[in-house]
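**Student:** Pasting structure34.pdb below, which is PDB, C-alpha atoms and all ligand atoms.
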```
MODEL        1
ATOM      1  CA  GLU A   1      -1.129 -29.101  14.111
ATOM      2  CA  PRO A   2      -2.078 -25.450  13.448
ATOM      3  CA  SER A   3      -4.876 -24.056  15.564
ATOM      4  CA  LYS A   4      -7.944 -22.415  14.090
ATOM      5  CA  VAL A   5      -9.008 -19.041  15.389
ATOM      6  CA  ASN A   6     -11.876 -16.675  14.786
ATOM      7  CA  VAL A   7     -10.941 -13.251  13.540
ATOM      8  CA  LEU A   8     -13.045 -10.209  12.734
ATOM      9  CA  LEU A   9     -11.451  -8.211   9.949
ATOM     10  CA  ARG A  10     -12.655  -4.756   8.941
ATOM     11  CA  VAL A  11     -11.663  -4.252   5.333
ATOM     12  CA  ASN A  12     -12.667  -1.246   3.233
ATOM     13  CA  GLY A  13     -15.387  -0.525   5.778
ATOM     14  CA  ASN A  14     -16.897  -4.018   5.738
ATOM     15  CA  GLU A  15     -16.614  -6.488   8.603
ATOM     16  CA  HIS A  16     -15.807 -10.124   7.905
ATOM     17  CA  GLN A  17     -15.853 -12.892  10.491
ATOM     18  CA  LEU A  18     -13.402 -15.586   9.470
ATOM     19  CA  MET A  19     -12.130 -18.843  10.906
ATOM     20  CA  VAL A  20      -8.459 -19.009   9.992
ATOM     21  CA  ASP A  21      -5.344 -20.949  10.775
ATOM     22  CA  SER A  22      -3.596 -18.867  13.441
ATOM     23  CA  ARG A  23      -0.556 -18.579  11.145
ATOM     24  CA  THR A  24      -2.507 -17.157   8.173
ATOM     25  CA  THR A  25      -0.982 -13.908   6.962
ATOM     26  CA  LEU A  26      -3.171 -10.905   6.373
ATOM     27  CA  LEU A  27      -2.183 -11.163   2.698
ATOM     28  CA  ASP A  28      -3.505 -14.710   2.359
ATOM     29  CA  ALA A  29      -6.674 -13.876   4.288
ATOM     30  CA  LEU A  30      -7.351 -10.962   1.929
ATOM     31  CA  ARG A  31      -6.628 -12.864  -1.258
ATOM     32  CA  GLU A  32      -7.805 -16.381  -0.526
ATOM     33  CA  ARG A  33     -10.622 -15.866   1.962
ATOM     34  CA  LEU A  34     -12.003 -12.444   1.041
ATOM     35  CA  HIS A  35     -11.110 -12.727  -2.668
ATOM     36  CA  LEU A  36      -9.591  -9.253  -2.646
ATOM     37  CA  THR A  37      -6.967 -10.178  -5.201
ATOM     38  CA  GLY A  38      -5.910  -6.624  -6.004
ATOM     39  CA  THR A  39      -3.316  -7.002  -3.252
ATOM     40  CA  LYS A  40      -0.477  -8.935  -4.878
ATOM     41  CA  LYS A  41       1.876 -11.584  -3.546
ATOM     42  CA  GLY A  42       5.390 -11.019  -4.849
ATOM     43  CA  CYS A  43       8.151 -12.201  -2.534
ATOM     44  CA  ASP A  44       5.982 -13.118   0.490
ATOM     45  CA  GLN A  45       8.964 -12.000   2.601
ATOM     46  CA  GLY A  46       8.605  -8.265   3.094
ATOM     47  CA  GLN A  47      11.021  -7.346   0.312
ATOM     48  CA  CYS A  48       8.953  -6.102  -2.635
ATOM     49  CA  GLY A  49       5.967  -4.089  -1.393
ATOM     50  CA  ALA A  50       3.498  -5.718  -3.822
ATOM     51  CA  CYS A  51       1.302  -6.671  -0.858
ATOM     52  CA  THR A  52       1.155  -3.167   0.663
ATOM     53  CA  VAL A  53      -2.142  -2.243   2.326
ATOM     54  CA  ILE A  54      -3.063   0.597   4.665
ATOM     55  CA  VAL A  55      -3.860  -0.203   8.297
ATOM     56  CA  ASP A  56      -5.111   2.647  10.467
ATOM     57  CA  GLY A  57      -3.609   5.091   7.998
ATOM     58  CA  ARG A  58      -0.129   3.536   7.898
ATOM     59  CA  ARG A  59       1.185   1.326   5.099
ATOM     60  CA  ILE A  60       2.261  -2.174   5.944
ATOM     61  CA  THR A  61       3.380  -5.233   4.026
ATOM     62  CA  SER A  62       0.472  -7.613   4.498
ATOM     63  CA  CYS A  63       2.684 -10.676   3.947
ATOM     64  CA  LEU A  64       4.534  -9.891   7.181
ATOM     65  CA  THR A  65       1.566  -9.622   9.514
ATOM     66  CA  LEU A  66      -0.846 -12.264  10.726
ATOM     67  CA  ALA A  67      -4.552 -11.834  10.090
ATOM     68  CA  VAL A  68      -5.275 -12.361  13.807
ATOM     69  CA  MET A  69      -3.081  -9.376  14.679
ATOM     70  CA  GLN A  70      -5.271  -7.047  12.634
ATOM     71  CA  GLU A  71      -8.536  -7.611  14.450
ATOM     72  CA  GLY A  72     -10.131  -4.290  15.315
ATOM     73  CA  HIS A  73      -8.008  -2.314  12.887
ATOM     74  CA  ASP A  74      -9.135  -0.439   9.785
ATOM     75  CA  ILE A  75      -7.671  -2.138   6.742
ATOM     76  CA  THR A  76      -7.774  -0.476   3.320
ATOM     77  CA  THR A  77      -6.826  -2.393   0.186
ATOM     78  CA  ILE A  78      -6.605  -1.133  -3.382
ATOM     79  CA  GLU A  79     -10.278  -2.123  -3.798
ATOM     80  CA  GLY A  80     -11.091   0.443  -1.100
ATOM     81  CA  ILE A  81      -8.910   3.184  -2.587
ATOM     82  CA  GLY A  82     -10.935   3.534  -5.771
ATOM     83  CA  THR A  83     -13.003   1.679  -8.320
ATOM     84  CA  PRO A  84     -12.981   1.800 -12.133
ATOM     85  CA  ASN A  85     -15.971   4.161 -12.030
ATOM     86  CA  ASN A  86     -14.622   6.218  -9.173
ATOM     87  CA  LEU A  87     -10.862   6.389  -9.430
ATOM     88  CA  HIS A  88      -8.747   7.850  -6.660
ATOM     89  CA  PRO A  89      -6.649  10.819  -7.875
ATOM     90  CA  MET A  90      -3.538   8.663  -7.421
ATOM     91  CA  GLN A  91      -4.990   6.055  -9.803
ATOM     92  CA  THR A  92      -5.872   8.750 -12.329
ATOM     93  CA  ALA A  93      -2.308  10.065 -12.133
ATOM     94  CA  PHE A  94      -0.809   6.589 -12.639
ATOM     95  CA  ILE A  95      -2.888   6.183 -15.797
ATOM     96  CA  LYS A  96      -2.002   9.647 -17.066
ATOM     97  CA  HIS A  97       1.749   9.155 -16.528
ATOM     98  CA  ASP A  98       1.912   5.475 -17.563
ATOM     99  CA  GLY A  99       3.024   4.591 -14.050
ATOM    100  CA  TYR A 100       2.966   0.862 -14.752
ATOM    101  CA  GLN A 101       3.965  -1.711 -17.319
ATOM    102  CA  CYS A 102       2.869  -5.210 -16.263
ATOM    103  CA  GLY A 103       0.860  -3.683 -13.415
ATOM    104  CA  PHE A 104       1.852  -6.272 -10.819
ATOM    105  CA  CYS A 105       3.428  -3.774  -8.438
ATOM    106  CA  THR A 106       0.798  -1.094  -9.065
ATOM    107  CA  PRO A 107      -1.754  -1.760  -6.301
ATOM    108  CA  GLY A 108       1.059  -1.784  -3.755
ATOM    109  CA  GLN A 109       2.645   1.317  -5.262
ATOM    110  CA  ILE A 110      -0.665   3.177  -5.108
ATOM    111  CA  CYS A 111      -1.529   2.129  -1.536
ATOM    112  CA  SER A 112       1.981   3.030  -0.487
ATOM    113  CA  ALA A 113       1.915   6.373  -2.284
ATOM    114  CA  VAL A 114      -1.438   7.392  -0.787
ATOM    115  CA  ALA A 115      -0.240   6.630   2.751
ATOM    116  CA  MET A 116       3.213   8.086   2.050
ATOM    117  CA  LEU A 117       1.761  11.483   1.143
ATOM    118  CA  ASP A 118      -0.301  11.426   4.330
ATOM    119  CA  GLU A 119       2.882  10.691   6.288
ATOM    120  CA  ALA A 120       4.730  13.514   4.578
ATOM    121  CA  LYS A 121       1.808  15.872   5.104
ATOM    122  CA  ALA A 122       1.671  14.969   8.784
ATOM    123  CA  GLY A 123       5.373  15.843   9.081
ATOM    124  CA  ILE A 124       6.518  12.290   9.740
ATOM    125  CA  PRO A 125      10.182  12.439   8.709
ATOM    126  CA  SER A 126      11.858  10.090   6.289
ATOM    127  CA  HIS A 127      15.402   8.902   6.946
ATOM    128  CA  VAL A 128      16.811  11.497   4.578
ATOM    129  CA  THR A 129      14.837  14.430   5.983
ATOM    130  CA  ALA A 130      15.160  14.963   9.664
ATOM    131  CA  ASP A 131      14.201  18.565   9.002
ATOM    132  CA  LEU A 132      10.474  19.043   9.369
ATOM    133  CA  THR A 133      10.633  22.586   8.088
ATOM    134  CA  ARG A 134      11.557  21.281   4.665
ATOM    135  CA  PRO A 135      10.140  22.999   1.609
ATOM    136  CA  ILE A 136       6.765  21.881   0.327
ATOM    137  CA  LYS A 137       8.289  20.067  -2.628
ATOM    138  CA  MET A 138       9.797  16.717  -1.766
ATOM    139  CA  SER A 139      13.333  16.149  -3.017
ATOM    140  CA  THR A 140      14.074  13.210  -5.279
ATOM    141  CA  ASP A 141      16.172  11.627  -2.525
ATOM    142  CA  GLU A 142      13.365  11.947  -0.030
ATOM    143  CA  PHE A 143      10.869  10.621  -2.525
ATOM    144  CA  ARG A 144      13.054   7.611  -3.312
ATOM    145  CA  GLU A 145      13.608   6.913   0.345
ATOM    146  CA  ARG A 146       9.922   7.125   1.183
ATOM    147  CA  MET A 147       8.955   4.823  -1.707
ATOM    148  CA  SER A 148      11.942   2.475  -1.370
ATOM    149  CA  GLY A 149       9.804  -0.359  -0.031
ATOM    150  CA  ASN A 150       7.980  -0.740  -3.341
ATOM    151  CA  LEU A 151       9.969  -2.443  -6.076
ATOM    152  CA  CYS A 152       9.032  -2.502  -9.747
ATOM    153  CA  ARG A 153      10.567  -5.297 -11.787
ATOM    154  CA  CYS A 154       9.577  -3.482 -14.968
ATOM    155  CA  GLY A 155      11.579  -0.426 -13.961
ATOM    156  CA  ALA A 156       8.703   2.012 -14.351
ATOM    157  CA  TYR A 157      10.145   4.135 -11.562
ATOM    158  CA  SER A 158      10.400   7.443 -13.387
ATOM    159  CA  ASN A 159       6.774   7.300 -14.505
ATOM    160  CA  ILE A 160       5.678   6.205 -11.043
ATOM    161  CA  GLN A 161       7.558   9.171  -9.599
ATOM    162  CA  GLU A 162       5.916  11.550 -12.071
ATOM    163  CA  ALA A 163       2.458  10.262 -11.149
ATOM    164  CA  ILE A 164       3.000  10.537  -7.417
ATOM    165  CA  THR A 165       4.713  13.911  -7.720
ATOM    166  CA  GLU A 166       1.718  15.300  -9.570
ATOM    167  CA  VAL A 167      -0.616  14.267  -6.748
ATOM    168  CA  ALA A 168       1.867  15.475  -4.142
ATOM    169  CA  GLY A 169       1.885  18.895  -5.778
ATOM    170  CA  LYS A 170      -1.858  19.151  -5.176
ATOM    171  CA  ILE A 171      -1.952  18.059  -1.547
ATOM    172  CA  LEU A 172       1.386  18.765   0.148
TER     173      LEU A 172
HETATM  174 FE1  LIG A 201       4.879  -8.776   0.768
HETATM  175 FE2  LIG A 201       6.668  -8.867  -1.201
HETATM  176  S1  LIG A 201       4.774  -9.922  -1.030
HETATM  177  S2  LIG A 201       6.627  -7.543   0.540
HETATM  178 FE1  LIG A 202       5.596  -4.429 -13.676
HETATM  179 FE2  LIG A 202       5.990  -2.612 -11.744
HETATM  180  S1  LIG A 202       4.832  -2.386 -13.565
HETATM  181  S2  LIG A 202       6.471  -4.714 -11.706
ENDMDL
END
```
Take the structure in the file and write it out as structure tokens.
Ligand code: FES
Ligand code: FES
**Tutor:**
Amino acid sequence: EPSKVNVLLRVNGNEHQLMVDSRTTLLDALRERLHLTGTKKGCDQGQCGACTVIVDGRRITSCLTLAVMQEGHDITTIEGIGTPNNLHPMQTAFIKHDGYQCGFCTPGQICSAVAMLDEAKAGIPSHVTADLTRPIKMSTDEFRERMSGNLCRCGAYSNIQEAITEVAGKIL
């Protein structure tokens, strides 16, 4: 018999007190309890990145963490990144470069990309760049490695890369 627990989640700056099954994933709490359905459920096993959200500035797969573990943390979902009337530059770039086809992977790609550029800017190395004195422009290998957690079944990778690279060029 699963136990019910109270959890206070801070999502996109708003606090929500929820009573959840202790085994509820953050992904299910976001989608089913808070109705933030921009975060997608693909594999539900940490393999596809569709459920990527940003917690305290770092990207995580929300299907692999329990809601109760995220109490007290700052959670940002795609709904907190930008809105149709106030798009984030990464969203604008995805539109400009056709960085999606079916769009299912897109919220996760965008959350991941926003956090990824912050990681790169902060000098957090990827596996293919141990060298922190790397040039400003990210290599294709480094880019692929940093975005490797986000799959796209439609194969829109080159357009996704163009979109993210454009934003990277402005902030890195
Ligand atoms: Fe979480 Fe696929 S749904 S990684
Ligand atoms: Fe369809 Fe990426 S645009 S899965």
**Student:** Calculated over only C-alpha atoms, which of the candidates A:Asn12, A:Ser148, A:Asn85, A:Thr106 has the smallest distance to Cys51 of chain A?
**Tutor:** A:Thr106
**Student:** Quick one: residues within 6 Å of (0.7, -17.1, 7.3) (file frame), counting all atoms listed in the file, please, as a PyMOL selection string.
**Tutor:** chain A and resi 23-25
**Student:** Mind dumping the selected residues with C-alpha atoms as a JSON list (two decimals), in the coordinates of the input?
**Tutor:**
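Final file, part_30.json:
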```
[["chain", "number", "residue", "atom", "x", "y", "z"],
["A", 23, "ARG", "CA", -0.56, -18.58, 11.14],
["A", 24, "THR", "CA", -2.51, -17.16, 8.17],
["A", 25, "THR", "CA", -0.98, -13.91, 6.96]]
```
**Student:** Return as a ChimeraX atom specification the residues of protein, DNA or RNA that approach ligand LIG 201 (chain A) to within 6 Å, with all atoms listed in the file taken into account.
**Tutor:** /A:41-51,61-63
**Student:** Write out as a list in words each polymer residue (protein, DNA or RNA) that has an atom no more than 9 Å from ligand LIG 202 (chain A), with all atoms listed in the file counted.
**Tutor:** Ala50, Gly99, Tyr100, Gln101, Cys102, Gly103, Phe104, Cys105, Thr106, Gln109, Asn150, Leu151, Cys152, Arg153, Cys154, Gly155, Ala156, Tyr157 and Ile160 of chain A
**Student:** Can you list, as a PyMOL selection string, the residues that the PyMOL selection byres (((chain A and resi 67-83) around 9) and not hetatm) selects here?
**Tutor:** chain A and resi 5-13+20+22-30+36-39+52-57+62+65-66+84-89+91+107-108+110-111+114
**Student:** So which residues get picked by the PyMOL selection byres (((chain A and resi 143) around 12) and not hetatm) here, written as a ChimeraX atom specification?
**Tutor:** /A:112-113,116-117,119-120,125-129,137-142,144-150,157-158,160-162,164-165,168
**Student:** Edge lengths and centre in Å to one decimal, as lines of an AutoDock Vina configuration file, of the axis-aligned box that encloses all listed atoms of segment 8-11 of chain A with 3 Å added on every side?
**Tutor:**
```
center_x = -12.2
center_y = -7.2
center_z = 9.0
size_x = 7.6
size_y = 12.0
size_z = 13.4
```
**Student:** Figure out the distance between atom CA of Arg58 of chain A and atom CA of Asp118 of chain A, please, to one decimal in Å.
**Tutor:** 8.7 Å
**Student:** Considering all atoms listed in the file, state which residue in the set A:Lys170, A:Lys40, A:Lys96, A:Lys4 is at the smallest distance from Lys121 of chain A.
**Tutor:**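 Closest to Lys121 of chain A of all the choices is A:Lys170.
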**Student:** Expressed in Å to a single decimal, how great is the separation between atom CA of Ile124 of chain A and atom CA of Leu172 of chain A?
**Tutor:**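 Computing the Euclidean distance for atom CA of Ile124 of chain A and atom CA of Leu172 of chain A yields 12.7 Å.
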**Student:** Just the number, please: distance in Å from atom CA of Asn14 of chain A to atom CA of Leu34 of chain A, one decimal.
**Tutor:** 10.8 Å
**Student:** Tell me which of A:Ala163, A:Leu18, A:Ile171, A:Ala115 sits closest to Ile60 of chain A, counting all atoms listed in the file.
**Tutor:**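 Ranked by minimum distance to Ile60 of chain A, first place goes to A:Ala115.
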**Student:** Counting all atoms listed in the file, figure out which residue out of A:Gly169, A:Gly123, A:His35, A:Asp21 gets nearest to Ala93 of chain A.
**Tutor:**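 Using all atoms listed in the file, Ala93 of chain A sits closest to A:Gly169.
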